[in-house]
Amino acid sequence: MSNPYKLYLVTDDQQDLATLEHVVEQGVAGGVTMVQVREKHGDVRAFIERAQRVKAILSGTGVPLIINDRVDVALAVDAGGLHLGQSDMPAEIARQLIGEDKILGLSIENEQQLKEAEHLPIDYIGLSAIFATPTKTNTKKHWGVEGLKSALETTKLPIVGIGGINESNIPELMATGVHGLALVSAICQADDPKAAAQHLLSLMG
(Lines give C-alpha, C1' and ligand atoms only; values in the text may rest on other atoms or scores of the structure.)
Protein backbone atom coordinates (compact mmCIF):
# COMPACT_ATOMS: atom_id res chain seq x y z
CA MET A 1 0.00 0.00 0.00
CA SER A 2 1.54 3.29 -1.09
CA ASN A 3 0.27 5.37 1.83
CA PRO A 4 -1.16 3.35 4.72
CA TYR A 5 -1.97 6.50 6.71
CA LYS A 6 -4.35 8.13 4.23
CA LEU A 7 -7.78 7.17 5.58
CA TYR A 8 -7.13 6.15 9.16
CA LEU A 9 -10.16 4.74 10.98
CA VAL A 10 -10.17 4.95 14.78
CA THR A 11 -12.83 2.69 16.25
CA ASP A 12 -15.55 3.87 18.61
CA ASP A 13 -15.09 2.10 21.96
CA GLN A 14 -18.78 2.65 22.81
CA GLN A 15 -19.94 0.36 20.02
CA ASP A 16 -20.69 -3.31 20.65
CA LEU A 17 -18.70 -6.07 18.97
CA ALA A 18 -21.18 -6.70 16.16
CA THR A 19 -21.31 -3.00 15.28
CA LEU A 20 -17.53 -2.73 15.49
CA GLU A 21 -17.12 -5.66 13.09
CA HIS A 22 -19.65 -4.19 10.67
CA VAL A 23 -18.01 -0.75 10.71
CA VAL A 24 -14.50 -2.13 10.15
CA GLU A 25 -15.54 -4.59 7.45
CA GLN A 26 -17.56 -2.00 5.53
CA GLY A 27 -15.03 0.78 6.14
CA VAL A 28 -12.21 -1.30 4.70
CA ALA A 29 -14.41 -2.30 1.75
CA GLY A 30 -14.87 1.42 1.16
CA GLY A 31 -11.15 2.15 1.19
CA VAL A 32 -10.00 2.63 4.81
CA THR A 33 -6.21 2.19 4.80
CA MET A 34 -5.47 1.72 8.51
CA VAL A 35 -7.53 0.75 11.57
CA GLN A 36 -6.80 1.67 15.18
CA VAL A 37 -8.73 -0.18 17.88
CA ARG A 38 -9.38 1.90 20.95
CA GLU A 39 -10.71 0.69 24.30
CA LYS A 40 -10.84 3.21 27.10
CA HIS A 41 -12.55 1.10 29.78
CA GLY A 42 -9.49 -0.76 31.01
CA ASP A 43 -10.97 -4.21 30.43
CA VAL A 44 -8.00 -5.98 28.89
CA ARG A 45 -9.89 -9.17 28.07
CA ALA A 46 -12.56 -7.21 26.20
CA PHE A 47 -9.86 -5.19 24.43
CA ILE A 48 -8.09 -8.36 23.29
CA GLU A 49 -11.35 -9.82 22.01
CA ARG A 50 -12.17 -6.66 20.05
CA ALA A 51 -8.66 -6.56 18.63
CA GLN A 52 -8.81 -10.23 17.61
CA ARG A 53 -12.14 -9.71 15.85
CA VAL A 54 -10.81 -6.73 13.94
CA LYS A 55 -7.59 -8.56 13.08
CA ALA A 56 -9.63 -11.42 11.61
CA ILE A 57 -11.54 -8.96 9.40
CA LEU A 58 -8.33 -7.27 8.25
CA SER A 59 -6.60 -10.56 7.48
CA GLY A 60 -5.60 -10.60 3.81
CA THR A 61 -6.62 -6.98 3.17
CA GLY A 62 -3.19 -5.43 3.68
CA VAL A 63 -4.73 -2.92 6.11
CA PRO A 64 -2.64 -2.68 9.30
CA LEU A 65 -4.23 -3.16 12.73
CA ILE A 66 -2.99 -0.58 15.23
CA ILE A 67 -3.66 -0.91 18.97
CA ASN A 68 -4.21 2.23 21.01
CA ASP A 69 -2.12 2.68 24.19
CA ARG A 70 -1.70 -0.94 25.27
CA VAL A 71 1.53 -2.66 24.29
CA ASP A 72 0.41 -5.88 26.03
CA VAL A 73 -2.70 -6.09 23.83
CA ALA A 74 -0.67 -5.32 20.70
CA LEU A 75 1.68 -8.18 21.57
CA ALA A 76 -1.15 -10.52 22.58
CA VAL A 77 -2.85 -10.28 19.18
CA ASP A 78 0.33 -9.70 17.15
CA ALA A 79 -1.04 -6.43 15.82
CA GLY A 80 0.56 -4.48 13.00
CA GLY A 81 1.45 -1.68 15.35
CA LEU A 82 0.84 0.48 18.39
CA HIS A 83 -0.29 4.07 18.90
CA LEU A 84 0.87 5.85 22.05
CA GLY A 85 -0.41 8.94 23.82
CA GLN A 86 1.85 11.26 25.76
CA SER A 87 0.99 9.63 29.10
CA ASP A 88 1.54 6.07 27.85
CA MET A 89 4.70 4.00 27.87
CA PRO A 90 7.77 5.86 26.52
CA ALA A 91 8.27 5.27 22.80
CA GLU A 92 11.81 3.88 23.24
CA ILE A 93 10.58 1.12 25.57
CA ALA A 94 7.54 0.37 23.42
CA ARG A 95 9.82 -0.02 20.39
CA GLN A 96 12.01 -2.51 22.25
CA LEU A 97 8.93 -4.55 23.17
CA ILE A 98 7.12 -4.59 19.82
CA GLY A 99 10.21 -4.95 17.65
CA GLU A 100 11.55 -3.06 14.66
CA ASP A 101 9.05 -4.31 12.09
CA LYS A 102 5.89 -2.98 13.74
CA ILE A 103 4.37 0.45 13.16
CA LEU A 104 4.71 2.84 16.10
CA GLY A 105 2.75 6.09 16.26
CA LEU A 106 2.69 8.84 18.85
CA SER A 107 0.13 11.55 19.59
CA ILE A 108 1.67 15.03 19.53
CA GLU A 109 -0.20 17.85 21.24
CA ASN A 110 2.20 20.81 21.17
CA GLU A 111 5.34 22.20 19.52
CA GLN A 112 7.69 20.96 22.25
CA GLN A 113 6.49 17.37 21.79
CA LEU A 114 6.84 17.80 18.03
CA LYS A 115 10.52 18.73 18.42
CA GLU A 116 11.15 15.80 20.77
CA ALA A 117 9.47 13.38 18.37
CA GLU A 118 12.33 13.85 15.89
CA HIS A 119 14.61 11.79 18.14
CA LEU A 120 12.13 9.01 18.96
CA PRO A 121 11.93 5.57 17.31
CA ILE A 122 8.46 6.21 15.87
CA ASP A 123 7.04 5.83 12.36
CA TYR A 124 4.39 8.53 12.32
CA ILE A 125 2.83 11.33 14.33
CA GLY A 126 -0.83 11.70 15.26
CA LEU A 127 -1.24 15.49 15.38
CA SER A 128 -3.94 16.21 17.95
CA ALA A 129 -6.29 17.95 17.85
CA ILE A 130 -6.64 19.72 14.52
CA PHE A 131 -10.08 21.09 15.42
CA ALA A 132 -12.29 20.93 18.50
CA THR A 133 -14.16 17.64 18.75
CA PRO A 134 -16.79 16.21 21.12
CA THR A 135 -14.87 12.91 21.52
CA LYS A 136 -11.83 14.70 22.99
CA THR A 137 -12.85 17.09 25.75
CA ASN A 138 -9.44 17.49 27.39
CA THR A 139 -7.37 18.76 24.46
CA LYS A 140 -5.23 21.73 25.31
CA LYS A 141 -4.50 22.89 21.79
CA HIS A 142 -6.17 23.03 18.41
CA TRP A 143 -3.58 23.14 15.65
CA GLY A 144 -5.91 24.29 12.88
CA VAL A 145 -4.84 24.36 9.25
CA GLU A 146 -1.95 26.78 9.82
CA GLY A 147 -0.61 24.74 12.73
CA LEU A 148 -0.77 21.60 10.61
CA LYS A 149 1.18 23.34 7.84
CA SER A 150 3.91 24.44 10.25
CA ALA A 151 4.10 20.94 11.79
CA LEU A 152 4.59 19.45 8.31
CA GLU A 153 7.46 21.88 7.76
CA THR A 154 8.98 21.05 11.18
CA THR A 155 9.14 17.26 11.02
CA LYS A 156 10.24 14.67 8.47
CA LEU A 157 7.86 12.10 9.95
CA PRO A 158 4.52 11.32 8.30
CA ILE A 159 1.66 13.19 9.99
CA VAL A 160 -1.88 11.95 10.53
CA GLY A 161 -4.28 14.70 11.55
CA ILE A 162 -6.93 13.83 14.14
CA GLY A 163 -9.71 15.75 15.85
CA GLY A 164 -12.81 17.37 14.43
CA ILE A 165 -12.15 16.21 10.88
CA ASN A 166 -15.20 15.88 8.63
CA GLU A 167 -16.21 16.27 5.01
CA SER A 168 -16.38 20.06 5.28
CA ASN A 169 -12.69 20.49 6.12
CA ILE A 170 -11.02 17.49 4.43
CA PRO A 171 -10.17 19.23 1.11
CA GLU A 172 -8.49 22.14 2.93
CA LEU A 173 -6.53 19.75 5.17
CA MET A 174 -5.40 17.54 2.27
CA ALA A 175 -4.15 20.66 0.45
CA THR A 176 -1.48 21.03 3.17
CA GLY A 177 0.17 17.80 2.02
CA VAL A 178 -0.75 15.94 5.22
CA HIS A 179 -0.11 12.18 4.92
CA GLY A 180 -3.41 11.04 6.36
CA LEU A 181 -6.50 11.92 8.34
CA ALA A 182 -7.92 9.97 11.26
CA LEU A 183 -11.67 9.77 11.61
CA VAL A 184 -13.97 8.27 14.20
CA SER A 185 -17.58 9.39 13.94
CA ALA A 186 -17.59 10.17 10.20
CA ILE A 187 -17.27 6.42 9.56
CA CYS A 188 -18.32 4.75 12.84
CA GLN A 189 -21.59 6.65 13.09
CA ALA A 190 -22.45 6.48 9.39
CA ASP A 191 -25.53 4.53 8.29
CA ASP A 192 -23.37 3.04 5.54
CA PRO A 193 -19.69 2.96 6.59
CA LYS A 194 -18.59 1.71 3.17
CA ALA A 195 -20.24 4.59 1.33
CA ALA A 196 -18.95 7.01 3.97
CA ALA A 197 -15.35 5.80 3.48
CA GLN A 198 -15.68 6.01 -0.31
CA HIS A 199 -17.06 9.55 -0.04
CA LEU A 200 -14.29 10.65 2.35
CA LEU A 201 -11.62 9.23 0.03
CA SER A 202 -13.15 11.04 -2.93
CA LEU A 203 -12.84 14.31 -0.99
CA MET A 204 -9.19 13.53 -0.31
CA GLY A 205 -8.41 13.51 -4.00
# chains A, B, ... in the order shown; residues from 1 in each chain; ligands from 1
call {"tool": "residues_around", "arguments": {"residues": "segment 152-160 of chain A", "least_positions_apart": "6", "cutoff": "12 Å", "atoms": "only C-alpha atoms", "output": "PyMOL selection string"}}
result
chain A and resi 3-10+34+83+103-108+111-130+143+145-146+173-183
call {"tool": "write_last_selection", "arguments": {"atoms": "N, CA and C atoms", "output": "CSV table (one decimal), in the first residue's frame"}}
result
chain,number,residue,atom,x,y,z
A,3,ASN,N,0.3,4.5,0.7
A,3,ASN,CA,0.3,5.4,1.8
A,3,ASN,C,-0.7,4.8,2.8
A,4,PRO,N,-0.2,4.0,3.8
A,4,PRO,CA,-1.2,3.4,4.7
A,4,PRO,C,-1.9,4.3,5.6
A,5,TYR,N,-1.4,5.6,5.7
A,5,TYR,CA,-2.0,6.5,6.7
A,5,TYR,C,-3.2,7.3,6.2
A,6,LYS,N,-3.4,7.2,4.9
A,6,LYS,CA,-4.3,8.1,4.2
A,6,LYS,C,-5.7,8.2,4.9
A,7,LEU,N,-6.5,7.1,4.9
A,7,LEU,CA,-7.8,7.2,5.6
A,7,LEU,C,-7.7,6.2,6.8
A,8,TYR,N,-7.5,6.9,7.9
A,8,TYR,CA,-7.1,6.2,9.2
A,8,TYR,C,-8.4,6.1,10.0
A,9,LEU,N,-8.9,4.9,10.2
A,9,LEU,CA,-10.2,4.7,11.0
A,9,LEU,C,-9.8,4.4,12.4
A,10,VAL,N,-10.3,5.2,13.3
A,10,VAL,CA,-10.2,4.9,14.8
A,10,VAL,C,-11.5,4.5,15.3
A,34,MET,N,-6.1,2.1,7.2
A,34,MET,CA,-5.5,1.7,8.5
A,34,MET,C,-6.6,1.7,9.6
A,83,HIS,N,-0.2,2.6,18.9
A,83,HIS,CA,-0.3,4.1,18.9
A,83,HIS,C,-0.3,4.5,20.4
A,103,ILE,N,4.6,-1.0,13.3
A,103,ILE,CA,4.4,0.5,13.2
A,103,ILE,C,4.2,1.1,14.5
A,104,LEU,N,4.9,2.2,14.8
A,104,LEU,CA,4.7,2.8,16.1
A,104,LEU,C,4.4,4.3,15.9
A,105,GLY,N,3.2,4.7,16.4
A,105,GLY,CA,2.7,6.1,16.3
A,105,GLY,C,2.7,6.8,17.6
A,106,LEU,N,2.7,8.1,17.6
A,106,LEU,CA,2.7,8.8,18.9
A,106,LEU,C,1.8,10.1,18.7
A,107,SER,N,0.9,10.3,19.6
A,107,SER,CA,0.1,11.5,19.6
A,107,SER,C,1.0,12.7,20.0
A,108,ILE,N,0.9,13.8,19.3
A,108,ILE,CA,1.7,15.0,19.5
A,108,ILE,C,0.7,16.2,19.7
A,111,GLU,N,4.1,22.0,20.3
A,111,GLU,CA,5.3,22.2,19.5
A,111,GLU,C,6.5,21.5,20.2
A,112,GLN,N,6.6,21.6,21.5
A,112,GLN,CA,7.7,21.0,22.2
A,112,GLN,C,7.7,19.5,22.0
A,113,GLN,N,6.6,18.8,22.1
A,113,GLN,CA,6.5,17.4,21.8
A,113,GLN,C,6.9,17.1,20.3
A,114,LEU,N,6.5,18.0,19.5
A,114,LEU,CA,6.8,17.8,18.0
A,114,LEU,C,8.3,17.8,17.8
A,115,LYS,N,9.1,18.7,18.5
A,115,LYS,CA,10.5,18.7,18.4
A,115,LYS,C,11.1,17.5,19.0
A,116,GLU,N,10.6,17.0,20.1
A,116,GLU,CA,11.2,15.8,20.8
A,116,GLU,C,10.9,14.6,19.9
A,117,ALA,N,9.8,14.6,19.2
A,117,ALA,CA,9.5,13.4,18.4
A,117,ALA,C,10.5,13.0,17.3
A,118,GLU,N,11.3,14.1,16.9
A,118,GLU,CA,12.3,13.8,15.9
A,118,GLU,C,13.4,12.8,16.3
A,119,HIS,N,13.6,12.7,17.6
A,119,HIS,CA,14.6,11.8,18.1
A,119,HIS,C,14.0,10.5,18.7
A,120,LEU,N,12.8,10.2,18.4
A,120,LEU,CA,12.1,9.0,19.0
A,120,LEU,C,12.0,7.9,17.9
A,121,PRO,N,12.0,6.7,18.3
A,121,PRO,CA,11.9,5.6,17.3
A,121,PRO,C,10.5,5.3,16.9
A,122,ILE,N,9.9,6.4,16.3
A,122,ILE,CA,8.5,6.2,15.9
A,122,ILE,C,8.4,6.3,14.4
A,123,ASP,N,7.2,5.8,13.8
A,123,ASP,CA,7.0,5.8,12.4
A,123,ASP,C,6.2,7.0,11.9
A,124,TYR,N,5.3,7.4,12.7
A,124,TYR,CA,4.4,8.5,12.3
A,124,TYR,C,3.9,9.3,13.6
A,125,ILE,N,3.4,10.5,13.3
A,125,ILE,CA,2.8,11.3,14.3
A,125,ILE,C,1.3,11.4,14.2
A,126,GLY,N,0.6,11.4,15.3
A,126,GLY,CA,-0.8,11.7,15.3
A,126,GLY,C,-0.9,13.1,15.8
A,127,LEU,N,-1.2,14.1,14.9
A,127,LEU,CA,-1.2,15.5,15.4
A,127,LEU,C,-2.6,15.8,15.9
A,128,SER,N,-2.7,16.1,17.2
A,128,SER,CA,-3.9,16.2,17.9
A,128,SER,C,-4.0,17.5,18.7
A,129,ALA,N,-5.1,18.2,18.7
A,129,ALA,CA,-6.3,17.9,17.8
A,129,ALA,C,-6.3,19.1,16.8
A,130,ILE,N,-6.6,18.7,15.6
A,130,ILE,CA,-6.6,19.7,14.5
A,130,ILE,C,-7.7,20.7,14.8
A,143,TRP,N,-4.6,22.7,16.6
A,143,TRP,CA,-3.6,23.1,15.6
A,143,TRP,C,-4.2,24.0,14.5
A,145,VAL,N,-5.5,24.6,10.5
A,145,VAL,CA,-4.8,24.4,9.2
A,145,VAL,C,-3.4,24.9,9.3
A,146,GLU,N,-3.3,26.1,9.8
A,146,GLU,CA,-2.0,26.8,9.8
A,146,GLU,C,-1.0,26.0,10.7
A,173,LEU,N,-7.6,20.4,4.4
A,173,LEU,CA,-6.5,19.7,5.2
A,173,LEU,C,-5.6,19.0,4.2
A,174,MET,N,-6.2,18.3,3.2
A,174,MET,CA,-5.4,17.5,2.3
A,174,MET,C,-4.5,18.5,1.4
A,175,ALA,N,-4.9,19.7,1.2
A,175,ALA,CA,-4.2,20.7,0.5
A,175,ALA,C,-2.8,21.0,1.1
A,176,THR,N,-2.7,20.7,2.4
A,176,THR,CA,-1.5,21.0,3.2
A,176,THR,C,-0.4,20.0,2.9
A,177,GLY,N,-0.8,18.9,2.3
A,177,GLY,CA,0.2,17.8,2.0
A,177,GLY,C,0.2,16.8,3.2
A,178,VAL,N,-0.7,16.9,4.1
A,178,VAL,CA,-0.7,15.9,5.2
A,178,VAL,C,-0.8,14.5,4.7
A,179,HIS,N,-0.2,13.6,5.4
A,179,HIS,CA,-0.1,12.2,4.9
A,179,HIS,C,-1.4,11.4,5.1
A,180,GLY,N,-2.2,11.8,6.1
A,180,GLY,CA,-3.4,11.0,6.4
A,180,GLY,C,-4.3,11.8,7.3
A,181,LEU,N,-5.5,11.3,7.4
A,181,LEU,CA,-6.5,11.9,8.3
A,181,LEU,C,-7.2,10.8,9.1
A,182,ALA,N,-7.3,11.0,10.4
A,182,ALA,CA,-7.9,10.0,11.3
A,182,ALA,C,-9.3,10.4,11.6
A,183,LEU,N,-10.3,9.5,11.4
A,183,LEU,CA,-11.7,9.8,11.6
A,183,LEU,C,-12.3,8.7,12.5
call {"tool": "closest_residue", "arguments": {"among": "A:Glu25, A:Glu100, A:Asp88, A:Glu39", "to": "Ile67 of chain A", "atoms": "only C-alpha atoms"}}
result
A:Glu39
call {"tool": "select_by_dssp", "arguments": {"residues": "segment 76-167 of chain A", "states": "strand (DSSP E or B)", "output": "ChimeraX atom specification"}}
result
/A:81-84,103-108,124-128,133,136,159-162
call {"tool": "residues_around", "arguments": {"residues": "His199 of chain A", "least_positions_apart": "3", "cutoff": "12 Å", "atoms": "only C-alpha atoms", "output": "list of chain:residue names"}}
result
A:Leu7, A:Gly27, A:Gly30, A:Gly31, A:Val32, A:Asn166, A:Glu167, A:Ser168, A:Ile170, A:Pro171, A:Ala186, A:Ile187, A:Ala190, A:Asp192, A:Pro193, A:Lys194, A:Ala195, A:Ala196, A:Ser202, A:Leu203, A:Met204, A:Gly205
call {"tool": "decode", "arguments": {"residues": "segment 26-38 of chain A", "atoms": "all heavy atoms", "output": "CSV table (one decimal), in the first residue's frame"}}
result
chain,number,residue,atom,x,y,z
A,26,GLN,N,-17.0,-2.9,6.6
A,26,GLN,CA,-17.6,-2.0,5.5
A,26,GLN,C,-16.6,-0.8,5.3
A,26,GLN,O,-16.5,-0.4,4.1
A,26,GLN,CB,-18.9,-1.5,6.0
A,26,GLN,CG,-20.0,-2.6,6.0
A,26,GLN,CD,-20.2,-3.2,4.6
A,26,GLN,OE1,-20.5,-2.5,3.7
A,26,GLN,NE2,-20.0,-4.5,4.5
A,27,GLY,N,-16.0,-0.3,6.3
A,27,GLY,CA,-15.0,0.8,6.1
A,27,GLY,C,-13.9,0.4,5.3
A,27,GLY,O,-13.5,1.1,4.3
A,28,VAL,N,-13.3,-0.8,5.5
A,28,VAL,CA,-12.2,-1.3,4.7
A,28,VAL,C,-12.7,-1.6,3.3
A,28,VAL,O,-11.9,-1.2,2.3
A,28,VAL,CB,-11.6,-2.6,5.4
A,28,VAL,CG1,-10.6,-3.2,4.4
A,28,VAL,CG2,-10.9,-2.2,6.7
A,29,ALA,N,-13.9,-2.1,3.1
A,29,ALA,CA,-14.4,-2.3,1.8
A,29,ALA,C,-14.5,-1.0,1.0
A,29,ALA,O,-14.4,-0.9,-0.2
A,29,ALA,CB,-15.8,-3.0,1.8
A,30,GLY,N,-14.7,0.1,1.8
A,30,GLY,CA,-14.9,1.4,1.2
A,30,GLY,C,-13.6,2.1,1.0
A,30,GLY,O,-13.5,3.2,0.4
A,31,GLY,N,-12.5,1.6,1.5
A,31,GLY,CA,-11.1,2.2,1.2
A,31,GLY,C,-10.3,2.6,2.4
A,31,GLY,O,-9.3,3.2,2.2
A,32,VAL,N,-10.8,2.3,3.6
A,32,VAL,CA,-10.0,2.6,4.8
A,32,VAL,C,-8.6,2.0,4.7
A,32,VAL,O,-8.5,0.8,4.3
A,32,VAL,CB,-10.7,2.2,6.1
A,32,VAL,CG1,-9.8,2.1,7.3
A,32,VAL,CG2,-11.9,3.1,6.4
A,33,THR,N,-7.6,2.7,5.0
A,33,THR,CA,-6.2,2.2,4.8
A,33,THR,C,-5.5,1.7,6.1
A,33,THR,O,-4.5,1.1,6.0
A,33,THR,CB,-5.3,3.3,4.1
A,33,THR,OG1,-5.4,4.5,5.0
A,33,THR,CG2,-5.8,3.6,2.7
A,34,MET,N,-6.1,2.1,7.2
A,34,MET,CA,-5.5,1.7,8.5
A,34,MET,C,-6.6,1.7,9.6
A,34,MET,O,-7.5,2.6,9.5
A,34,MET,CB,-4.4,2.7,8.9
A,34,MET,CG,-3.4,2.2,9.9
A,34,MET,SD,-2.0,3.5,10.1
A,34,MET,CE,-0.6,2.5,9.7
A,35,VAL,N,-6.5,0.8,10.5
A,35,VAL,CA,-7.5,0.8,11.6
A,35,VAL,C,-6.9,0.7,12.9
A,35,VAL,O,-6.0,-0.1,13.2
A,35,VAL,CB,-8.4,-0.5,11.4
A,35,VAL,CG1,-9.5,-0.6,12.6
A,35,VAL,CG2,-9.2,-0.5,10.1
A,36,GLN,N,-7.3,1.7,13.8
A,36,GLN,CA,-6.8,1.7,15.2
A,36,GLN,C,-8.0,1.3,16.1
A,36,GLN,O,-9.0,1.9,16.1
A,36,GLN,CB,-6.3,3.1,15.6
A,36,GLN,CG,-5.8,3.1,17.0
A,36,GLN,CD,-5.5,4.6,17.4
A,36,GLN,OE1,-5.9,5.0,18.5
A,36,GLN,NE2,-4.7,5.3,16.6
A,37,VAL,N,-7.7,0.2,16.9
A,37,VAL,CA,-8.7,-0.2,17.9
A,37,VAL,C,-8.4,0.5,19.2
A,37,VAL,O,-7.3,0.4,19.7
A,37,VAL,CB,-8.8,-1.7,18.0
A,37,VAL,CG1,-9.8,-2.1,19.1
A,37,VAL,CG2,-9.1,-2.4,16.7
A,38,ARG,N,-9.5,1.1,19.7
A,38,ARG,CA,-9.4,1.9,21.0
A,38,ARG,C,-10.3,1.3,22.0
A,38,ARG,O,-11.4,0.9,21.7
A,38,ARG,CB,-9.8,3.3,20.6
A,38,ARG,CG,-9.3,4.4,21.6
A,38,ARG,CD,-9.5,5.7,21.0
A,38,ARG,NE,-10.9,6.0,20.6
A,38,ARG,CZ,-11.4,7.2,20.3
A,38,ARG,NH1,-10.6,8.2,20.3
A,38,ARG,NH2,-12.6,7.4,19.9
